[in-house]
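To be precise, the following lines are my_file_10.csv, and they hold CSV, C-alpha atoms and all ligand atoms.
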```csv
chain,number,residue,atom,x,y,z
A,1,MET,CA,19.1,7.7,-1.3
A,2,LYS,CA,18.5,8.7,2.3
A,3,PRO,CA,17.8,5.5,4.4
A,4,PHE,CA,14.4,4.8,6.0
A,5,ASN,CA,14.3,5.2,9.8
A,6,LEU,CA,12.3,2.1,11.1
A,7,ASN,CA,12.0,1.0,14.6
A,8,ARG,CA,11.1,-2.6,15.6
A,9,ASN,CA,7.3,-2.0,15.5
A,10,LEU,CA,7.5,-0.5,12.0
A,11,ALA,CA,9.9,-3.2,10.7
A,12,GLN,CA,7.4,-5.8,12.0
A,13,LEU,CA,4.5,-4.1,10.1
A,14,ALA,CA,6.6,-3.7,7.0
A,15,LEU,CA,7.3,-7.4,7.1
A,16,LEU,CA,3.6,-8.4,7.6
A,17,GLN,CA,2.7,-6.1,4.6
A,18,ARG,CA,5.6,-7.4,2.5
A,19,ILE,CA,6.4,-11.0,3.2
A,20,GLU,CA,9.1,-10.9,0.6
A,21,LEU,CA,11.2,-9.0,3.3
A,22,ALA,CA,11.4,-12.3,5.3
A,23,ASP,CA,14.6,-14.3,4.9
A,24,ASP,CA,14.5,-18.1,4.4
A,25,LYS,CA,14.9,-18.7,8.2
A,26,LEU,CA,11.9,-16.6,9.0
A,27,LYS,CA,9.8,-18.2,6.3
A,28,LYS,CA,10.7,-21.6,7.7
A,29,VAL,CA,9.7,-20.4,11.2
A,30,ARG,CA,6.3,-19.3,9.8
A,31,LYS,CA,5.8,-22.7,8.2
A,32,ILE,CA,6.7,-24.7,11.4
A,33,PHE,CA,4.9,-22.5,14.0
A,34,GLY,CA,2.0,-21.2,11.9
A,35,ARG,CA,0.6,-17.8,11.0
A,36,TYR,CA,-0.7,-16.9,14.5
A,37,LEU,CA,2.6,-17.1,16.3
A,38,PHE,CA,4.4,-15.7,13.3
A,39,SER,CA,2.1,-12.6,13.2
A,40,LYS,CA,2.1,-12.0,16.9
A,41,ILE,CA,5.7,-12.9,18.0
A,42,PHE,CA,8.3,-14.1,15.5
A,43,SER,CA,7.6,-11.2,13.0
A,44,LYS,CA,8.6,-8.9,15.8
A,45,TYR,CA,11.4,-10.5,17.8
A,46,LEU,CA,13.1,-12.7,15.2
A,47,ILE,CA,13.9,-9.9,12.8
A,48,ASP,CA,17.0,-7.9,11.9
A,49,VAL,CA,15.5,-4.4,12.0
A,50,GLN,CA,18.3,-2.8,10.0
A,51,LYS,CA,18.1,-5.4,7.3
A,52,ILE,CA,14.3,-5.1,7.0
A,53,SER,CA,14.7,-1.3,6.8
A,54,GLU,CA,17.3,-1.6,4.0
A,55,ASN,CA,15.3,-4.2,2.0
A,56,TYR,CA,12.0,-2.2,2.5
A,57,LEU,CA,13.7,0.9,1.0
A,58,ASP,CA,14.9,-1.2,-2.0
A,59,VAL,CA,11.5,-2.6,-2.6
A,60,MET,CA,9.8,0.8,-2.4
A,61,ILE,CA,12.3,2.3,-4.8
A,62,LYS,CA,11.4,-0.4,-7.3
A,63,GLU,CA,7.7,0.3,-6.8
A,64,LEU,CA,8.3,4.1,-7.3
A,65,ASN,CA,10.0,3.3,-10.6
A,66,THR,CA,6.9,1.5,-11.8
A,67,ILE,CA,4.7,4.6,-11.3
A,68,ASN,CA,7.2,7.4,-11.7
A,69,LYS,CA,6.2,8.6,-15.1
A,70,PHE,CA,2.6,9.0,-13.9
A,71,ILE,CA,3.4,11.1,-10.9
A,72,VAL,CA,5.8,13.7,-12.2
A,73,GLY,CA,4.5,17.2,-11.7
A,74,LYS,CA,1.4,16.0,-9.8
A,75,LYS,CA,0.4,17.4,-6.4
A,76,PHE,CA,-2.5,15.6,-4.8
A,77,PHE,CA,-2.2,11.9,-4.1
A,78,LEU,CA,-4.5,9.4,-2.5
A,79,SER,CA,-3.0,6.1,-1.3
A,80,ILE,CA,-5.4,3.2,-0.5
A,81,GLY,CA,-3.7,0.6,1.6
A,82,GLY,CA,-0.3,2.2,1.7
A,83,GLY,CA,1.0,0.1,4.6
A,84,ILE,CA,3.6,2.0,6.7
A,85,GLY,CA,4.0,4.5,3.8
A,86,GLY,CA,7.4,3.8,2.3
A,87,LEU,CA,6.4,4.6,-1.3
A,88,GLU,CA,4.4,7.6,-0.2
A,89,LEU,CA,7.4,8.9,1.8
A,90,LEU,CA,9.5,8.6,-1.4
A,91,ILE,CA,6.9,10.6,-3.3
A,92,LEU,CA,6.7,13.3,-0.6
A,93,ARG,CA,10.5,13.5,-0.6
A,94,SER,CA,10.8,13.8,-4.3
A,95,ILE,CA,7.9,16.1,-5.2
A,96,THR,CA,8.1,19.5,-3.5
A,97,ASN,CA,4.6,20.7,-2.3
A,98,SER,CA,3.0,17.3,-2.9
A,99,HIS,CA,0.3,16.1,-0.4
A,100,VAL,CA,-0.7,12.5,0.3
A,101,SER,CA,-4.0,11.3,1.8
A,102,PHE,CA,-4.0,7.8,3.2
A,103,ILE,CA,-6.9,5.5,3.6
A,104,GLU,CA,-5.9,2.5,5.6
A,105,LYS,CA,-7.1,0.0,8.2
A,106,ASP,CA,-6.1,0.4,11.8
A,107,TYR,CA,-5.5,-3.1,13.1
A,108,VAL,CA,-3.5,-6.2,12.5
A,109,SER,CA,-5.3,-9.5,11.9
A,110,ASN,CA,-4.5,-12.3,14.3
A,111,LYS,CA,-3.3,-14.5,11.5
A,112,VAL,CA,-2.1,-12.5,8.6
A,113,LYS,CA,-3.3,-14.2,5.4
A,114,TYR,CA,-2.6,-12.9,1.9
A,115,GLY,CA,-5.5,-14.2,-0.2
A,116,TRP,CA,-8.7,-12.6,-1.5
A,117,ASP,CA,-10.9,-11.5,1.3
A,118,ASN,CA,-14.6,-11.1,0.4
A,119,LEU,CA,-15.5,-9.5,3.7
A,120,ASN,CA,-12.4,-7.3,3.7
A,121,LYS,CA,-11.5,-8.2,7.3
A,122,GLU,CA,-7.8,-8.7,6.8
A,123,ALA,CA,-5.6,-5.8,7.8
A,124,TYR,CA,-2.0,-5.3,8.7
A,125,ASN,CA,-1.5,-1.8,9.8
A,126,ASN,CA,-1.5,0.6,12.7
A,127,LEU,CA,-2.3,4.3,11.9
A,128,ASN,CA,-0.3,5.7,14.8
A,129,GLN,CA,2.7,3.8,13.5
A,130,LEU,CA,2.1,5.1,10.0
A,131,ASN,CA,2.0,8.6,11.4
A,132,PHE,CA,5.1,8.0,13.4
A,133,PHE,CA,7.0,6.7,10.3
A,134,LEU,CA,6.3,9.8,8.4
A,135,GLU,CA,7.1,12.1,11.3
A,136,SER,CA,10.3,10.4,12.2
A,137,ASN,CA,11.4,10.6,8.6
A,138,GLU,CA,10.9,14.3,8.8
A,139,ILE,CA,7.7,14.8,6.8
A,140,SER,CA,5.8,17.8,8.1
A,141,LYS,CA,2.2,17.3,9.3
A,142,GLU,CA,0.7,19.6,6.6
A,143,ARG,CA,1.9,17.3,3.9
A,144,TYR,CA,-0.3,14.2,4.7
A,145,LYS,CA,-3.5,13.2,6.3
A,146,ILE,CA,-4.5,9.7,7.5
A,147,PHE,CA,-8.1,8.3,7.3
A,148,ASP,CA,-9.3,5.1,8.9
A,149,SER,CA,-11.0,3.0,6.2
A,150,ASP,CA,-13.5,1.8,8.8
A,151,LYS,CA,-14.7,5.3,9.6
A,152,ASN,CA,-16.9,7.2,7.2
A,153,ASN,CA,-14.9,10.5,6.9
A,154,PHE,CA,-13.0,10.1,3.7
A,155,PRO,CA,-11.4,13.1,1.9
A,156,THR,CA,-13.7,14.7,-0.6
A,157,ASN,CA,-11.2,16.7,-2.7
A,158,LYS,CA,-10.3,15.6,-6.2
A,159,PHE,CA,-7.0,13.8,-6.6
A,160,ASP,CA,-4.4,13.9,-9.4
A,161,VAL,CA,-3.2,10.4,-8.7
A,162,ILE,CA,-4.8,7.6,-6.7
A,163,PHE,CA,-2.8,4.4,-6.1
A,164,SER,CA,-3.3,1.2,-4.3
A,165,ILE,CA,-0.3,-1.1,-4.4
A,166,TYR,CA,-1.2,-4.7,-3.7
A,167,SER,CA,-4.4,-3.7,-1.9
A,168,LEU,CA,-7.5,-2.6,-3.9
A,169,ASP,CA,-8.8,-5.5,-6.1
A,170,TYR,CA,-5.8,-7.5,-5.0
A,171,HIS,CA,-6.9,-8.5,-1.5
A,172,TYR,CA,-10.5,-7.2,-1.6
A,173,ASP,CA,-13.1,-6.2,-4.2
A,174,PHE,CA,-12.8,-2.9,-6.2
A,175,GLN,CA,-16.5,-2.5,-5.6
A,176,ILE,CA,-15.8,-1.4,-2.0
A,177,TYR,CA,-14.3,1.9,-3.2
A,178,SER,CA,-16.0,2.2,-6.5
A,179,ASP,CA,-18.6,4.9,-5.7
A,180,TYR,CA,-16.1,6.8,-3.6
A,181,LEU,CA,-13.4,6.8,-6.4
A,182,LYS,CA,-15.9,8.1,-8.9
A,183,LYS,CA,-16.4,11.1,-6.7
A,184,VAL,CA,-12.8,12.0,-6.2
A,185,MET,CA,-11.5,11.4,-9.7
A,186,LYS,CA,-11.4,14.1,-12.3
A,187,LYS,CA,-11.3,13.2,-16.0
A,188,GLU,CA,-7.5,13.4,-16.0
A,189,SER,CA,-7.0,11.6,-12.6
A,190,ILE,CA,-5.0,8.5,-12.8
A,191,LEU,CA,-5.8,5.4,-10.8
A,192,ILE,CA,-3.1,2.8,-10.4
A,193,PHE,CA,-3.7,-0.6,-8.7
A,194,ASP,CA,-2.8,-4.4,-8.9
A,195,THR,CA,-5.4,-6.8,-10.2
A,196,ILE,CA,-5.7,-10.3,-11.7
A,197,ARG,CA,-8.6,-9.2,-13.9
A,198,PRO,CA,-7.4,-6.2,-16.0
A,199,LYS,CA,-9.9,-6.9,-18.7
A,200,PHE,CA,-12.8,-6.4,-16.3
A,201,PHE,CA,-11.8,-2.7,-16.0
A,202,GLU,CA,-12.0,-2.0,-19.7
A,203,ASN,CA,-15.7,-1.5,-19.2
A,204,ILE,CA,-15.3,0.7,-16.2
A,205,PHE,CA,-12.6,3.1,-17.4
A,206,GLU,CA,-12.1,4.9,-20.8
A,207,SER,CA,-8.4,3.9,-20.8
A,208,ILE,CA,-6.4,1.2,-19.1
A,209,LYS,CA,-2.7,0.5,-19.5
A,210,ILE,CA,-0.8,-2.5,-18.0
A,211,ILE,CA,2.3,-1.0,-16.4
A,212,LYS,CA,3.7,-4.1,-14.5
A,213,GLU,CA,3.2,-7.8,-14.6
A,214,ASP,CA,3.9,-10.2,-11.7
A,215,LEU,CA,3.9,-13.6,-13.3
A,216,ASN,CA,6.1,-15.4,-10.9
A,217,THR,CA,3.9,-14.9,-7.8
A,218,VAL,CA,0.9,-16.9,-6.6
A,219,HIS,CA,-1.5,-14.1,-7.6
A,220,LYS,CA,-0.1,-13.4,-11.1
A,221,SER,CA,-1.4,-9.9,-10.9
A,222,LYS,CA,-1.0,-7.0,-13.3
A,223,ARG,CA,-0.6,-3.3,-12.3
A,224,ILE,CA,-2.8,-1.1,-14.3
A,225,ALA,CA,-3.1,2.7,-14.8
A,226,CYS,CA,-6.6,3.8,-15.5
A,227,THR,CA,-8.2,7.1,-16.5
A,228,GLY,CA,-11.8,8.3,-17.2
A,229,PHE,CA,-14.2,6.6,-14.9
A,230,LYS,CA,-17.2,5.9,-17.2
A,301,LIG,C1,-0.2,-6.2,1.1
A,301,LIG,S1,-0.3,-4.8,2.0
A,301,LIG,C2,0.5,-3.6,0.9
A,301,LIG,C3,1.0,-2.4,1.6
A,301,LIG,C4,1.7,-1.4,0.7
A,301,LIG,N1,0.8,-0.8,-0.3
A,301,LIG,C5,2.9,-2.0,0.1
A,301,LIG,O1,2.9,-2.0,-1.1
A,301,LIG,O2,3.8,-2.3,0.8
A,301,LIG,C6,-2.0,-4.4,1.9
A,301,LIG,C7,-2.5,-3.2,2.8
A,301,LIG,O3,-3.9,-3.0,2.5
A,301,LIG,C8,-4.5,-2.6,3.8
A,301,LIG,N2,-5.9,-2.8,3.6
A,301,LIG,C9,-6.7,-3.9,3.8
A,301,LIG,N3,-8.0,-3.6,3.5
A,301,LIG,C10,-8.0,-2.2,3.3
A,301,LIG,C11,-9.1,-1.3,3.0
A,301,LIG,N4,-10.4,-1.7,2.9
A,301,LIG,N5,-8.8,0.0,2.8
A,301,LIG,C12,-7.5,0.4,2.8
A,301,LIG,N6,-6.5,-0.4,3.1
A,301,LIG,C13,-6.7,-1.7,3.3
A,301,LIG,C14,-3.8,-3.5,4.8
A,301,LIG,O4,-3.9,-3.0,6.1
A,301,LIG,C15,-2.3,-3.5,4.3
A,301,LIG,O5,-1.6,-2.4,4.9
```
Kindly present the structure from the file in structure tokens form.
Amino acid sequence: MKPFNLNRNLAQLALLQRIELADDKLKKVRKIFGRYLFSKIFSKYLIDVQKISENYLDVMIKELNTINKFIVGKKFFLSIGGGIGGLELLILRSITNSHVSFIEKDYVSNKVKYGWDNLNKEAYNNLNQLNFFLESNEISKERYKIFDSDKNNFPTNKFDVIFSIYSLDYHYDFQIYSDYLKKVMKKESILIFDTIRPKFFENIFESIKIIKEDLNTVHKSKRIACTGFK
């Protein structure tokens, strides 16, 4: 597998989006100095960029394996909260002619927290960096488009697969995107996301399937694949 090409800024974002990339020393530093200093300084200057790049690739390959069977032969993808785009890069590399639209936030919270956020104010991304990641990993501009979730200009085409890995209904309410998703899903479109309340979605979709369970984490979430928005 071709390695990811991350610089320090990207490695910092990947770490904020995926705290499991931190080694024990870094986790200790976060505990001692608090989330503000960690988010602003230590996550950038106390990291081994090469190591984060390698670990991020491993984590993204594992994520790809959880959704692989749903994406084979599909063309139009929407990623909600894709972070710096590692999983999406793997999809673009593996499926010729595929296209990914991203809806993401364009700021990093002062103190990155990983809980449920009713106001949906928590964010850990930078859209220029997301663009740079795809560009510097040799993805041509025609194959992706990035939309700021705080601006009202979302893509209106129908998607084959929509996914939101540890974002929609994991950090903020599904309701935020519910009307929009109804518009951009066809009958056969598949929506994949992580949630702690899979049962709730049985009334919203015609079919839901649990495709991954995270029982050892604080959130104890399940990844579900849904079709047929009722
Ligand atoms: C835990 S990270 C996961 C990133 C990536 N999906 C991954 O698996 O590594 C959650 C992401 O959701 C983004 N986010 C938060 N609120 C959002 C919203 N309303 N719309 C889209 N993305 C959002 C954050 O900026 C962050 O990049």
If we draw a sphere of 9 Å around (-2.9, 1.0, -11.5), which residues have at least one atom in it when counting all atoms listed in the file? Please report them as a count of residues only.
21
Write as a PyMOL selection string the residues around ligand LIG 301 (chain A), taking 8 Å as the cut-off and counting all atoms listed in the file.
chain A and resi 14+16-18+60+63+79-87+103-108+114+120-126+148-150+164-168+171-172+176
Out of A:Asn110, A:Asn68, A:Asn7, A:Asn153, which residue has the shortest atom-to-atom distance to Ser39 in chain A when counting all atoms listed in the file?
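Residue with the minimum atom-to-atom distance to Ser39 in chain A: A:Asn110.
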Just the residues within 9 Å of Leu134 in chain A, please, counting only C-alpha atoms, with nothing from its chain fewer than 4 positions along; format it as a list in words.
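My reading of the contact set: Ile84, Gly85, Gly86, Leu89, Gln129, Leu130, Glu138, Ile139, Ser140, Lys141 and Tyr144 of chain A.
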Could the residues in this selection be saved with C-alpha atoms as a PDB file, in the frame of the given file?
```pdb
ATOM      1  CA  ILE A  84       3.600   2.000   6.700  1.00  0.00           C
ATOM      2  CA  GLY A  85       4.000   4.500   3.800  1.00  0.00           C
ATOM      3  CA  GLY A  86       7.400   3.800   2.300  1.00  0.00           C
ATOM      4  CA  LEU A  89       7.400   8.900   1.800  1.00  0.00           C
ATOM      5  CA  GLN A 129       2.700   3.800  13.500  1.00  0.00           C
ATOM      6  CA  LEU A 130       2.100   5.100  10.000  1.00  0.00           C
ATOM      7  CA  GLU A 138      10.900  14.300   8.800  1.00  0.00           C
ATOM      8  CA  ILE A 139       7.700  14.800   6.800  1.00  0.00           C
ATOM      9  CA  SER A 140       5.800  17.800   8.100  1.00  0.00           C
ATOM     10  CA  LYS A 141       2.200  17.300   9.300  1.00  0.00           C
ATOM     11  CA  TYR A 144      -0.300  14.200   4.700  1.00  0.00           C
TER      12      TYR A 144
END
```
Name all residues at most 9 Å from range 216-220 of chain A (count all atoms listed in the file; drop same-chain ones fewer than 5 positions away) and give them as a ChimeraX atom specification.
/A:115,170,195-196
Excluding Leu78 in chain A and its own-chain neighbours fewer than 4 positions away, which residues fall within 6 Å of it when counting only C-alpha atoms? Please give them as a list in words.
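Counting only C-alpha atoms, the residues come to Val100, Ser101, Phe102 and Ile162 of chain A.
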For the atom pair CA of Ile204 in chain A and CA of Phe77 in chain A, what is the interatomic distance in Å to one decimal place?
21.1 Å
